[in-house]
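Okay, final10.cif now, which holds mmCIF, C-alpha atoms:
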```cif
data_my_file
#
loop_
_atom_site.label_atom_id
_atom_site.label_comp_id
_atom_site.auth_asym_id
_atom_site.auth_seq_id
_atom_site.Cartn_x
_atom_site.Cartn_y
_atom_site.Cartn_z
CA MET A 177 -219.68 -115.50 40.22
CA LEU A 178 -222.08 -116.46 42.87
CA THR A 179 -220.41 -119.80 42.98
CA LYS A 180 -217.18 -118.15 43.94
CA PHE A 181 -218.30 -115.14 46.02
CA GLU A 182 -220.87 -114.34 48.57
CA PRO A 183 -223.92 -112.34 47.42
CA SER A 184 -222.87 -109.55 49.70
CA HIS A 185 -219.44 -109.25 48.04
CA ARG A 186 -218.61 -105.89 46.51
CA LEU A 187 -218.04 -107.22 43.05
CA VAL A 188 -221.27 -109.03 43.04
CA GLN A 189 -223.06 -105.90 44.21
CA GLU A 190 -221.53 -103.80 41.46
CA VAL A 191 -222.55 -106.23 38.74
CA GLU A 192 -226.08 -106.34 40.05
CA GLN A 193 -226.21 -102.52 40.10
CA GLN A 194 -225.14 -102.38 36.48
CA ILE A 195 -227.73 -104.86 35.46
CA ALA A 196 -230.35 -102.80 37.20
CA GLN A 197 -229.32 -99.65 35.35
CA ALA A 198 -229.44 -101.43 32.03
CA GLU A 199 -232.94 -102.78 32.72
CA ALA A 200 -234.07 -99.25 33.72
CA ALA A 201 -232.81 -97.81 30.49
CA ILE A 202 -234.53 -100.50 28.43
CA ALA A 203 -237.76 -99.84 30.20
CA THR A 204 -237.52 -96.10 29.54
CA GLU A 205 -237.03 -96.60 25.88
CA ASN A 206 -239.81 -99.01 25.62
CA ALA A 207 -242.14 -96.47 27.26
CA LEU A 208 -241.56 -93.66 24.57
CA PRO A 209 -243.78 -93.59 21.31
CA VAL A 210 -242.29 -94.01 17.71
CA LYS A 211 -242.13 -90.66 15.64
CA ASP A 212 -241.23 -90.05 11.99
CA GLU A 213 -240.01 -86.50 11.15
CA THR A 214 -239.64 -85.10 7.51
CA THR A 215 -238.11 -81.69 6.42
CA ASP A 216 -238.04 -79.84 3.03
CA LYS A 217 -234.44 -78.76 3.25
CA ASN A 218 -231.48 -80.64 1.73
CA ALA A 219 -228.70 -80.41 4.19
CA GLN A 220 -226.05 -81.31 1.70
CA TYR A 221 -227.27 -78.77 -0.72
CA GLU A 222 -227.36 -76.13 1.92
CA TRP A 223 -223.83 -76.93 2.96
CA ALA A 224 -222.58 -76.84 -0.62
CA LYS A 225 -224.37 -73.62 -1.24
CA SER A 226 -222.90 -72.04 1.79
CA GLU A 227 -219.46 -73.22 0.80
CA LEU A 228 -219.95 -71.79 -2.67
CA GLN A 229 -220.89 -68.46 -1.25
CA LYS A 230 -217.81 -68.43 0.99
CA THR A 231 -215.62 -69.35 -1.92
CA GLN A 232 -217.08 -66.59 -4.07
CA VAL A 233 -216.45 -64.12 -1.33
CA GLN A 234 -212.88 -65.31 -0.99
CA TRP A 235 -212.42 -65.11 -4.78
CA LYS A 236 -213.55 -61.52 -4.80
CA ALA A 237 -211.17 -60.77 -2.00
CA LEU A 238 -208.34 -62.42 -3.82
CA GLN A 239 -209.09 -60.48 -7.00
CA ALA A 240 -208.99 -57.29 -5.07
CA ARG A 241 -205.77 -58.36 -3.41
CA GLU A 242 -204.31 -59.24 -6.84
CA ALA A 243 -205.06 -55.81 -8.16
CA THR A 244 -203.46 -54.29 -5.14
CA ILE A 245 -200.35 -56.47 -5.48
CA VAL A 246 -200.00 -55.66 -9.18
CA THR A 247 -200.17 -52.03 -8.38
CA GLN A 248 -197.62 -52.43 -5.65
CA GLU A 249 -195.34 -54.48 -7.97
CA ALA A 250 -195.38 -51.74 -10.59
CA ALA A 251 -194.54 -49.25 -7.95
CA TYR A 252 -191.70 -51.40 -6.64
CA GLN A 253 -190.31 -51.95 -10.15
CA THR A 254 -190.33 -48.24 -10.76
CA MET A 255 -188.64 -47.72 -7.44
CA ALA A 256 -186.00 -50.38 -8.22
CA ARG A 257 -185.24 -48.81 -11.55
CA HIS A 258 -184.82 -45.48 -9.93
CA LEU A 259 -182.57 -47.04 -7.29
CA GLY A 260 -180.38 -48.62 -9.95
CA GLU A 261 -180.02 -45.34 -11.72
CA ASP A 262 -179.26 -43.71 -8.42
CA ALA A 263 -176.60 -46.36 -7.66
CA ILE A 264 -174.83 -45.60 -10.92
CA THR A 265 -175.02 -41.95 -10.18
CA GLN A 266 -173.69 -42.66 -6.71
CA ASP A 267 -170.71 -44.60 -8.07
CA ASP A 268 -169.91 -41.77 -10.42
CA LEU A 269 -170.20 -39.35 -7.60
CA LEU A 270 -167.95 -41.50 -5.38
CA SER A 271 -165.30 -41.71 -8.12
CA SER A 272 -165.49 -38.02 -8.68
CA GLU A 273 -165.24 -37.49 -4.98
CA LYS A 274 -162.14 -39.67 -4.71
CA ALA A 275 -160.46 -37.94 -7.62
CA ALA A 276 -161.35 -34.62 -6.21
CA GLN A 277 -159.98 -35.64 -2.85
CA GLU A 278 -156.69 -36.77 -4.36
CA ASN A 279 -156.43 -33.60 -6.33
CA TYR A 280 -157.19 -31.70 -3.24
CA LEU A 281 -154.44 -33.44 -1.29
CA LEU A 282 -152.01 -32.90 -4.15
CA TYR A 283 -152.94 -29.28 -4.34
CA VAL A 284 -152.55 -28.97 -0.59
CA LYS A 285 -149.09 -30.58 -0.80
CA LYS A 286 -148.05 -28.37 -3.68
CA GLN A 287 -149.42 -25.40 -1.87
CA GLU A 288 -147.44 -26.32 1.21
CA GLU A 289 -144.28 -26.73 -0.81
CA ALA A 290 -144.89 -23.46 -2.53
CA ARG A 291 -145.51 -21.85 0.76
CA MET A 292 -142.25 -23.29 2.12
CA ASP A 293 -140.35 -22.11 -0.95
CA ASP A 294 -141.85 -18.70 -0.61
CA ALA A 295 -140.93 -18.64 3.05
CA LEU A 296 -137.34 -19.74 2.25
CA ASP A 297 -137.09 -17.15 -0.48
CA GLU A 298 -138.41 -14.44 1.79
CA ARG A 299 -135.76 -15.33 4.41
CA GLY A 300 -132.91 -15.67 1.86
CA ILE A 301 -132.45 -19.37 2.38
CA VAL A 302 -131.52 -21.50 -0.66
CA ASN A 303 -130.51 -25.13 -0.97
CA VAL A 304 -126.98 -24.58 -2.32
CA ALA A 305 -124.77 -21.77 -1.25
CA ILE A 306 -121.10 -21.02 -1.81
CA ALA A 307 -119.48 -21.35 1.55
CA GLU A 308 -116.10 -20.13 0.39
CA HIS A 309 -114.99 -18.92 -2.97
CA PRO A 310 -112.19 -21.05 -4.45
CA VAL A 311 -108.77 -19.60 -4.74
CA ALA A 312 -105.64 -20.91 -6.43
CA PRO A 313 -103.19 -22.30 -3.85
CA ALA A 314 -100.02 -20.38 -3.43
CA LEU A 315 -97.96 -23.58 -3.04
CA PRO A 316 -98.50 -26.99 -4.66
CA LEU A 317 -100.06 -29.63 -2.52
CA TRP A 318 -97.14 -31.98 -3.13
CA SER A 319 -93.70 -30.59 -3.52
CA THR A 320 -91.61 -31.27 -6.59
CA ALA A 321 -89.27 -33.46 -4.59
CA THR A 322 -92.16 -35.55 -3.36
CA VAL A 323 -93.53 -35.95 -6.85
CA LEU A 324 -90.12 -36.94 -8.15
CA ALA A 325 -89.61 -39.37 -5.31
CA ILE A 326 -92.98 -40.98 -5.91
CA GLY A 327 -92.33 -41.14 -9.63
CA LEU A 328 -88.92 -42.65 -9.08
CA ALA A 329 -90.29 -45.24 -6.71
CA ALA A 330 -93.12 -46.11 -9.09
CA ALA A 331 -90.73 -46.34 -12.04
CA GLY A 332 -88.37 -48.51 -10.03
CA ALA A 333 -91.16 -50.81 -8.97
CA ALA A 334 -92.49 -51.05 -12.51
CA GLY A 335 -89.05 -51.66 -13.95
CA THR A 336 -88.25 -54.29 -11.38
CA GLY A 337 -91.55 -55.98 -12.01
CA ALA A 338 -90.99 -55.89 -15.74
CA ALA A 339 -87.52 -57.34 -15.29
CA PHE A 340 -88.83 -60.16 -13.14
CA ALA A 341 -91.62 -60.80 -15.61
CA ALA A 342 -89.21 -60.90 -18.52
CA ASP A 343 -86.90 -63.14 -16.56
CA TYR A 344 -89.75 -65.46 -15.64
CA LEU A 345 -91.18 -65.64 -19.14
CA ASP A 346 -87.86 -66.03 -20.97
CA PRO A 347 -87.75 -69.63 -22.24
CA ALA A 348 -84.01 -69.59 -22.89
CA PHE A 349 -81.13 -70.44 -20.61
CA ARG A 350 -79.27 -67.55 -19.06
CA THR A 351 -77.16 -68.82 -16.23
CA PRO A 352 -75.51 -72.12 -15.31
CA GLU A 353 -78.01 -72.38 -12.50
CA ASP A 354 -80.78 -72.49 -15.09
CA VAL A 355 -79.08 -75.31 -16.95
CA LEU A 356 -78.38 -77.29 -13.83
CA ALA A 357 -81.90 -76.84 -12.52
CA TYR A 358 -83.68 -77.60 -15.76
CA LEU A 359 -81.51 -80.25 -17.39
CA ASN A 360 -80.01 -81.70 -14.24
CA SER A 361 -76.73 -81.81 -16.09
CA PRO A 362 -73.49 -80.24 -14.89
CA VAL A 363 -72.25 -77.10 -16.57
CA LEU A 364 -68.62 -77.77 -17.34
CA ALA A 365 -67.86 -74.27 -18.57
CA SER A 366 -69.56 -70.95 -18.85
CA LEU A 367 -68.14 -68.84 -21.64
CA PRO A 368 -68.79 -65.15 -22.22
CA ARG A 369 -70.09 -63.83 -25.49
CA GLY A 370 -67.61 -62.90 -28.16
CA ARG A 371 -65.08 -64.74 -30.19
CA LEU A 372 -62.47 -66.27 -27.96
CA SER A 373 -58.94 -65.54 -28.93
CA ALA A 374 -56.48 -68.31 -29.42
CA MET B 20 -71.53 -93.16 -11.38
CA SER B 21 -73.32 -90.75 -13.66
CA ALA B 22 -71.74 -87.70 -15.18
CA GLY B 23 -74.17 -85.46 -13.32
CA VAL B 24 -73.01 -86.76 -9.95
CA LEU B 25 -69.43 -86.77 -11.07
CA PHE B 26 -69.31 -83.11 -12.01
CA ALA B 27 -71.92 -81.59 -9.76
CA GLN B 28 -69.47 -80.50 -7.09
CA THR B 29 -67.04 -78.90 -9.46
CA THR B 30 -69.85 -77.19 -11.34
CA ALA B 31 -71.20 -75.53 -8.25
CA ARG B 32 -67.73 -74.29 -7.48
CA LYS B 33 -67.26 -72.88 -10.95
CA GLU B 34 -70.36 -70.74 -11.00
CA VAL B 35 -68.60 -67.84 -9.38
CA ARG B 36 -66.77 -65.35 -11.48
CA PRO B 37 -62.99 -65.50 -11.32
CA ALA B 38 -61.31 -62.92 -9.25
CA LYS B 39 -57.62 -62.83 -9.67
CA PRO B 40 -55.81 -60.33 -7.48
CA SER B 41 -54.05 -58.92 -10.49
CA GLU B 42 -57.34 -58.30 -12.25
CA ARG B 43 -58.85 -56.70 -9.21
CA GLN B 44 -55.89 -54.45 -8.95
CA ALA B 45 -56.23 -53.59 -12.57
CA GLY B 46 -59.79 -52.56 -11.82
CA GLY B 47 -61.50 -54.68 -14.47
CA TRP B 48 -62.83 -58.12 -15.20
CA ASN B 49 -61.26 -59.80 -18.17
CA PRO B 50 -63.64 -62.12 -20.04
CA GLU B 51 -60.74 -63.76 -21.82
CA ASP B 52 -59.18 -64.86 -18.55
CA PHE B 53 -62.55 -65.97 -17.31
CA ALA B 54 -63.06 -68.10 -20.43
CA ARG B 55 -59.58 -69.54 -20.09
CA GLU B 56 -60.24 -70.62 -16.53
CA GLN B 57 -63.54 -72.12 -17.53
CA ILE B 58 -61.89 -74.11 -20.33
CA GLN B 59 -59.17 -75.32 -18.02
CA GLY B 60 -61.76 -76.39 -15.50
CA LEU B 61 -63.62 -78.27 -18.21
CA VAL B 62 -60.46 -80.09 -19.28
CA ARG B 63 -59.69 -81.15 -15.73
CA GLN B 64 -63.22 -82.32 -15.06
CA VAL B 65 -63.61 -84.25 -18.28
CA PHE B 66 -60.22 -85.74 -19.03
CA PHE B 67 -58.53 -85.93 -15.64
CA SER B 68 -61.30 -86.91 -13.31
CA ASN B 69 -61.35 -90.12 -11.33
CA ALA B 70 -64.25 -91.52 -13.29
CA GLU B 71 -64.60 -95.27 -13.74
CA ARG B 72 -64.55 -94.88 -17.48
CA PRO B 73 -61.75 -92.56 -18.56
CA VAL B 74 -62.65 -90.11 -21.25
CA ARG B 75 -60.40 -89.91 -24.26
CA GLN B 76 -62.67 -88.97 -27.06
CA VAL B 77 -65.28 -86.27 -26.64
CA VAL B 78 -67.82 -84.90 -29.06
CA PHE B 79 -68.90 -81.29 -28.77
CA SER B 80 -72.29 -80.57 -30.26
CA ALA B 81 -74.19 -77.34 -30.16
CA VAL B 82 -77.92 -77.07 -29.95
CA GLU B 83 -78.06 -73.99 -32.10
CA PRO B 84 -76.49 -74.02 -35.57
CA GLU B 85 -75.21 -70.49 -35.00
CA THR B 86 -73.06 -71.52 -32.06
CA ASP B 87 -69.36 -71.78 -32.91
CA VAL B 88 -68.46 -75.18 -31.55
CA ARG B 89 -65.15 -75.39 -33.36
CA ASN B 90 -63.80 -72.42 -31.48
CA ILE B 91 -64.67 -74.04 -28.18
CA CYS B 92 -63.14 -77.33 -29.32
CA ARG B 93 -59.98 -75.56 -30.33
CA ARG B 94 -59.71 -73.86 -26.96
CA VAL B 95 -60.32 -77.14 -25.19
CA GLY B 96 -57.74 -78.88 -27.34
CA GLU B 97 -55.15 -76.25 -26.66
CA ALA B 98 -55.80 -76.38 -22.94
CA LEU B 99 -55.67 -80.16 -22.98
CA ALA B 100 -52.42 -80.15 -24.92
CA LEU B 101 -50.89 -77.98 -22.24
CA GLU B 102 -52.09 -80.27 -19.49
CA THR B 103 -50.72 -83.52 -20.95
CA ALA B 104 -47.80 -84.76 -22.97
CA GLU B 105 -49.92 -87.24 -24.89
CA THR B 106 -51.16 -86.54 -28.40
CA VAL B 107 -54.32 -84.52 -28.70
CA ALA B 108 -56.39 -84.39 -31.88
CA LEU B 109 -58.82 -81.77 -32.99
CA ALA B 110 -61.22 -83.49 -35.36
CA GLY B 111 -63.05 -81.14 -37.67
CA GLU B 112 -62.63 -78.45 -40.24
CA TYR B 113 -60.32 -75.71 -39.02
CA PRO B 114 -59.10 -73.72 -41.99
CA GLU B 115 -57.95 -70.81 -39.88
CA VAL B 116 -55.85 -73.11 -37.74
CA LEU B 117 -54.22 -74.65 -40.76
CA GLN B 118 -52.74 -71.31 -41.70
CA ASP B 119 -50.79 -71.18 -38.44
CA ALA B 120 -49.88 -74.86 -38.34
CA GLU B 121 -46.30 -75.97 -37.82
CA THR B 122 -44.52 -78.21 -40.29
CA ASP B 123 -42.62 -81.33 -39.33
CA GLN B 124 -38.94 -81.90 -39.89
CA GLU B 125 -39.47 -83.28 -43.38
CA GLY B 126 -41.18 -80.11 -44.36
CA THR B 127 -44.51 -81.76 -44.90
CA THR B 128 -47.62 -81.70 -42.84
CA GLY B 129 -49.22 -84.82 -41.49
CA HIS B 130 -49.14 -87.41 -38.78
CA ARG B 131 -47.23 -90.33 -40.11
CA THR B 132 -46.36 -92.30 -37.04
CA LYS B 133 -48.96 -95.04 -37.32
CA ASP B 134 -49.70 -97.67 -39.89
CA GLU B 135 -53.50 -97.53 -39.62
CA GLY B 136 -55.73 -94.78 -40.77
CA ALA B 137 -54.26 -93.85 -44.06
CA PHE B 138 -56.38 -90.78 -44.44
CA LEU B 139 -55.33 -89.57 -41.00
CA ARG B 140 -51.66 -90.06 -41.77
CA ARG B 141 -52.11 -88.25 -45.00
CA ASP B 142 -54.18 -85.33 -43.87
CA ALA B 143 -53.42 -84.81 -40.14
CA THR B 144 -51.59 -81.60 -39.31
CA ARG B 145 -49.57 -80.77 -36.25
CA VAL B 146 -50.66 -77.46 -34.88
CA ARG B 147 -48.10 -77.19 -32.13
CA GLY B 148 -46.31 -79.69 -29.88
CA ASN B 149 -48.67 -82.58 -29.19
CA LEU B 150 -51.72 -80.92 -30.67
CA TRP B 151 -52.85 -82.28 -34.00
CA LEU B 152 -55.52 -81.25 -36.39
CA VAL B 153 -57.50 -83.99 -38.08
CA PRO B 154 -59.89 -83.29 -40.95
CA GLY B 155 -63.49 -84.12 -40.38
CA ALA B 156 -65.25 -87.22 -41.58
CA LYS B 157 -67.15 -85.29 -44.21
CA LYS B 158 -65.91 -85.96 -47.73
CA ASN B 159 -66.82 -83.84 -50.73
CA GLU B 160 -70.02 -82.49 -49.20
CA GLU B 161 -71.51 -85.98 -49.12
CA ARG B 162 -73.46 -87.28 -46.21
CA VAL B 163 -71.37 -89.53 -44.00
CA THR B 164 -72.86 -92.87 -43.18
CA THR B 165 -72.89 -94.25 -39.70
CA ILE B 166 -70.39 -96.92 -40.60
CA GLU B 167 -68.00 -94.35 -42.02
CA LEU B 168 -68.48 -92.23 -38.95
CA HIS B 169 -67.71 -95.13 -36.70
CA ALA B 170 -64.59 -95.99 -38.68
CA TYR B 171 -63.49 -92.39 -38.60
CA LEU B 172 -63.84 -92.07 -34.83
CA CYS B 173 -62.15 -95.43 -34.26
CA ALA B 174 -59.25 -94.37 -36.42
CA VAL B 175 -58.88 -91.11 -34.54
CA ARG B 176 -59.03 -92.95 -31.25
CA ARG B 177 -56.30 -95.34 -32.36
CA GLU B 178 -54.03 -92.65 -33.64
CA PHE B 179 -54.34 -90.19 -30.77
CA LYS B 180 -54.52 -90.47 -27.01
CA TYR B 181 -57.10 -87.74 -26.73
CA SER B 182 -59.45 -86.48 -29.40
CA ILE B 183 -61.93 -83.64 -29.46
CA VAL B 184 -64.54 -83.87 -32.17
CA ALA B 185 -66.62 -80.92 -33.33
CA GLY B 186 -69.94 -82.49 -34.10
CA PRO B 187 -72.84 -81.10 -36.07
CA PRO B 188 -75.65 -79.22 -34.35
CA ALA B 189 -77.75 -81.66 -32.41
CA ARG B 190 -80.94 -79.83 -33.26
CA GLU B 191 -80.52 -80.33 -36.98
CA SER B 192 -78.95 -83.74 -37.33
CA ASN B 193 -78.94 -87.13 -35.70
CA GLN B 194 -75.29 -87.48 -36.59
CA ALA B 195 -74.33 -85.91 -33.29
CA THR B 196 -76.18 -88.64 -31.46
CA ALA B 197 -74.44 -91.31 -33.52
CA MET B 198 -71.05 -89.75 -32.83
CA ALA B 199 -71.86 -89.57 -29.13
CA ARG B 200 -72.58 -93.28 -29.08
CA PHE B 201 -69.20 -94.14 -30.66
CA ALA B 202 -67.21 -91.65 -28.61
CA ASP B 203 -66.63 -91.68 -24.87
CA GLY B 204 -69.18 -88.97 -24.34
CA ILE B 205 -70.76 -85.83 -25.60
CA ILE B 206 -70.77 -82.30 -24.29
CA LEU B 207 -73.77 -80.25 -25.30
CA VAL B 208 -73.07 -76.60 -26.03
CA LEU B 209 -75.94 -74.32 -25.12
CA SER B 210 -76.18 -70.74 -26.20
CA ALA B 211 -77.25 -68.37 -23.46
CA HIS B 212 -80.37 -66.33 -24.21
CA ARG B 213 -80.91 -68.33 -27.37
CA THR B 214 -81.24 -72.03 -26.64
CA ARG B 215 -84.69 -72.83 -25.43
CA ARG B 216 -85.08 -75.04 -22.42
CA ASN B 217 -87.54 -77.41 -24.05
CA THR B 218 -85.30 -77.85 -27.08
CA ALA B 219 -82.31 -78.66 -24.92
CA ARG B 220 -84.30 -81.07 -22.84
CA LYS B 221 -85.60 -82.91 -25.88
CA ILE B 222 -82.07 -83.27 -27.19
CA MET B 223 -80.91 -84.53 -23.83
CA GLU B 224 -83.73 -87.05 -23.78
CA ALA B 225 -82.82 -88.17 -27.30
CA LEU B 226 -79.21 -88.63 -26.28
CA GLU B 227 -80.19 -90.57 -23.20
CA ALA B 228 -82.53 -92.71 -25.27
CA ALA B 229 -79.61 -93.48 -27.60
CA GLN B 230 -77.59 -94.48 -24.53
CA ALA B 231 -75.04 -91.80 -25.23
CA ARG B 232 -72.87 -90.70 -22.34
CA ILE B 233 -73.61 -87.09 -21.59
CA LEU B 234 -70.61 -85.59 -19.88
CA GLY B 235 -72.18 -82.20 -19.28
CA THR B 236 -72.96 -78.93 -20.93
CA VAL B 237 -71.19 -75.75 -21.87
CA LEU B 238 -73.09 -72.51 -21.64
CA SER B 239 -71.68 -70.14 -24.22
CA ASP B 240 -72.42 -66.59 -25.27
CA ARG B 241 -73.10 -65.47 -21.76
CA VAL B 242 -73.43 -61.79 -21.07
CA PHE B 243 -72.67 -60.05 -17.82
CA PRO B 244 -74.55 -56.76 -17.92
CA ILE B 245 -74.20 -56.18 -14.21
CA PRO B 246 -70.88 -54.76 -13.04
CA GLU B 247 -68.72 -57.09 -11.05
CA ARG B 248 -68.94 -55.15 -7.79
CA ILE B 249 -72.72 -55.02 -7.88
CA TYR B 250 -72.94 -58.62 -9.07
CA ARG B 251 -71.02 -59.86 -6.05
CA ARG B 252 -73.35 -58.02 -3.70
CA LEU B 253 -76.50 -59.63 -5.14
#
```

Do you think you could lay out the structure here as structure tokens?
Amino acid sequence: MLTKFEPSHRLVQEVEQQIAQAEAAIATENALPVKDETTDKNAQYEWAKSELQKTQVQWKALQAREATIVTQEAAYQTMARHLGEDAITQDDLLSSEKAAQENYLLYVKKQEEARMDDALDERGIVNVAIAEHPVAPALPLWSTATVLAIGLAAAGAAGTGAAFAADYLDPAFRTPEDVLAYLNSPVLASLPRGRLSA
Amino acid sequence: MSAGVLFAQTTARKEVRPAKPSERQAGGWNPEDFAREQIQGLVRQVFFSNAERPVRQVVFSAVEPETDVRNICRRVGEALALETAETVALAGEYPEVLQDAETDQEGTTGHRTKDEGAFLRRDATRVRGNLWLVPGAKKNEERVTTIELHAYLCAVRREFKYSIVAGPPARESNQATAMARFADGIILVLSAHRTRRNTARKIMEALEAAQARILGTVLSDRVFPIPERIYRRL
């Protein structure tokens, strides 16, 4: 370093200061006498013993805590059983309440209807009443002439319809027009029924 | 020219009831006069029309066996005999006509003017004037063959100018069809309110299939339940 820097350079100064401190420390150590100390206590044993004692204390605490927890568990189980029984009882009570409520509403409705009926009865009001008593008419609704006319018209219509039906359904010839239309052959003569005289 | 076209116009004209002034004055409609006019119209249409093929021999055949064809043939023959001076023959069995038949000068019955047709000369009977009655082709209740039928119709045609043949019911026998083929034509007699349309049409089809000349139809047994005055208003 001295080949590269001046002796007054900062780096050189710092290295020299460190060397001086190291030499001072070596000198101090060399000045103290050599001592050999011996004790009758085993440190490891003491540590293990202390650990054992702490563990025993913790074990006692845990046993006590276990007893407490067991007691609490029994209490909780008893409480849960009671709650279950209470839940069943509650369901029964809720069902009973619902049924009772429905019955109550039904009874209220019936009571209201009965009250309305009683009120109507008290005021003389009923659902059906005879507005006017029937009487036999003095004159027929339709006169005899009308009935006869309707009957005549109906009979005429039925007879005409029957005649047309019979005419339509008759498979035999009746008139020369039938023959001409169906056979497409001229009708040379059309003779009335009965034996023709000479 | 078909028979349908030939007679269509006259048929349409004939479908109206007759109305003679004398009958109207009498206040009634006479079916006998009506039938007579119808028969006369038939004779004119069939025998005196201007058809290409003149009709000399006609077969009348009914659809229904109950229909009296012979009576119609007799009326047609009588009307035809009045319309012409030529000989007219009624071919068929007419026992009631034979009772009223005239006799010739020799005091015997029969048509003896021709050499052919021995059975016709022997058995033909003059009813009146130019109207002759010829026995049918049926002999001793035996079935007539087609050949015999043909010979019979040919003989009648040779002997007489006009001939009207009462054929068997067309619904029961094919003999009517055979006769129609040999003759100049056939007239089908329908019975009103009895002859079914389908039956008549089948017979017409059979006749057409046999190439028979169908001259027309006659509608018999008609009834007129509606009074004339009301009928004319409908």

- Task: Give me, as a PyMOL selection string, the contact residues of chain A against chain B at a cut-off of 10 Å, counting all atoms listed in the file.
- Result: chain A and resi 346-356+358-374

If you keep C-alpha atoms, can you produce a file of those selected residues as a CSV table (one decimal), keeping the file's coordinate frame?
```csv
chain,number,residue,atom,x,y,z
A,346,ASP,CA,-87.9,-66.0,-21.0
A,347,PRO,CA,-87.8,-69.6,-22.2
A,348,ALA,CA,-84.0,-69.6,-22.9
A,349,PHE,CA,-81.1,-70.4,-20.6
A,350,ARG,CA,-79.3,-67.6,-19.1
A,351,THR,CA,-77.2,-68.8,-16.2
A,352,PRO,CA,-75.5,-72.1,-15.3
A,353,GLU,CA,-78.0,-72.4,-12.5
A,354,ASP,CA,-80.8,-72.5,-15.1
A,355,VAL,CA,-79.1,-75.3,-17.0
A,356,LEU,CA,-78.4,-77.3,-13.8
A,358,TYR,CA,-83.7,-77.6,-15.8
A,359,LEU,CA,-81.5,-80.2,-17.4
A,360,ASN,CA,-80.0,-81.7,-14.2
A,361,SER,CA,-76.7,-81.8,-16.1
A,362,PRO,CA,-73.5,-80.2,-14.9
A,363,VAL,CA,-72.2,-77.1,-16.6
A,364,LEU,CA,-68.6,-77.8,-17.3
A,365,ALA,CA,-67.9,-74.3,-18.6
A,366,SER,CA,-69.6,-71.0,-18.8
A,367,LEU,CA,-68.1,-68.8,-21.6
A,368,PRO,CA,-68.8,-65.2,-22.2
A,369,ARG,CA,-70.1,-63.8,-25.5
A,370,GLY,CA,-67.6,-62.9,-28.2
A,371,ARG,CA,-65.1,-64.7,-30.2
A,372,LEU,CA,-62.5,-66.3,-28.0
A,373,SER,CA,-58.9,-65.5,-28.9
A,374,ALA,CA,-56.5,-68.3,-29.4
```

If you count all atoms listed in the file, which residues fall within 8 Å of segment 184-195 of chain B, apart from same-chain ones fewer than 4 positions away, as a compact mmCIF listing (two decimals) with C-alpha atoms, keeping the file's coordinate frame?
```txt
# COMPACT_ATOMS: atom_id res chain seq x y z
CA GLN B 76 -62.67 -88.97 -27.06
CA VAL B 77 -65.28 -86.27 -26.64
CA VAL B 78 -67.82 -84.90 -29.06
CA PHE B 79 -68.90 -81.29 -28.77
CA SER B 80 -72.29 -80.57 -30.26
CA ALA B 81 -74.19 -77.34 -30.16
CA VAL B 82 -77.92 -77.07 -29.95
CA GLU B 83 -78.06 -73.99 -32.10
CA PRO B 84 -76.49 -74.02 -35.57
CA VAL B 88 -68.46 -75.18 -31.55
CA ARG B 89 -65.15 -75.39 -33.36
CA CYS B 92 -63.14 -77.33 -29.32
CA LEU B 109 -58.82 -81.77 -32.99
CA ALA B 110 -61.22 -83.49 -35.36
CA GLY B 111 -63.05 -81.14 -37.67
CA THR B 165 -72.89 -94.25 -39.70
CA ALA B 199 -71.86 -89.57 -29.13
CA THR B 218 -85.30 -77.85 -27.08
CA ILE B 222 -82.07 -83.27 -27.19
```

- Query: So how many Å separate atom CA of Arg141 of chain B and atom CA of Thr164 of chain B, to one decimal?
  - Reply: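 Rounded to one decimal, the two atoms are 21.3 Å apart.
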
- Quick one: distance from atom CA of Ala229 of chain B to atom CA of Met198 of chain B in Å, one decimal?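 Here the two named atoms are 10.7 Å from each other.
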
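Distance-wise, atom CA of Phe201 of chain B and atom CA of His169 of chain B end up 6.3 Å apart.
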
- Query: Once you count all atoms listed in the file, which residues end up no further than 7 Å from (-57.3, -86.7, -27.8) in the file's frame, shown as an MDAnalysis selection string?
  - Reply: chainID B and resid 75:76 106:108 179:183

- Item | Shortest interatomic distance to Ala156 of chain B - which of B:Ala70, B:Ala170, B:Ile245, B:Ile205, counting only C-alpha atoms | B:Ala170

Size and centre in Å, one decimal, axis-aligned box, all listed segment 69-78 of chain B atoms plus 4 Å per side, as JSON:
```
{"center_x": -64.1, "center_y": -90.1, "center_z": -20.2, "size_x": 15.4, "size_y": 18.4, "size_z": 25.7}
```

- Which residue gives the smallest distance to Glu105 of chain B among B:Gly204, B:Pro73, B:Pro154, B:Gly148, with all atoms listed in the file counted? B:Gly148
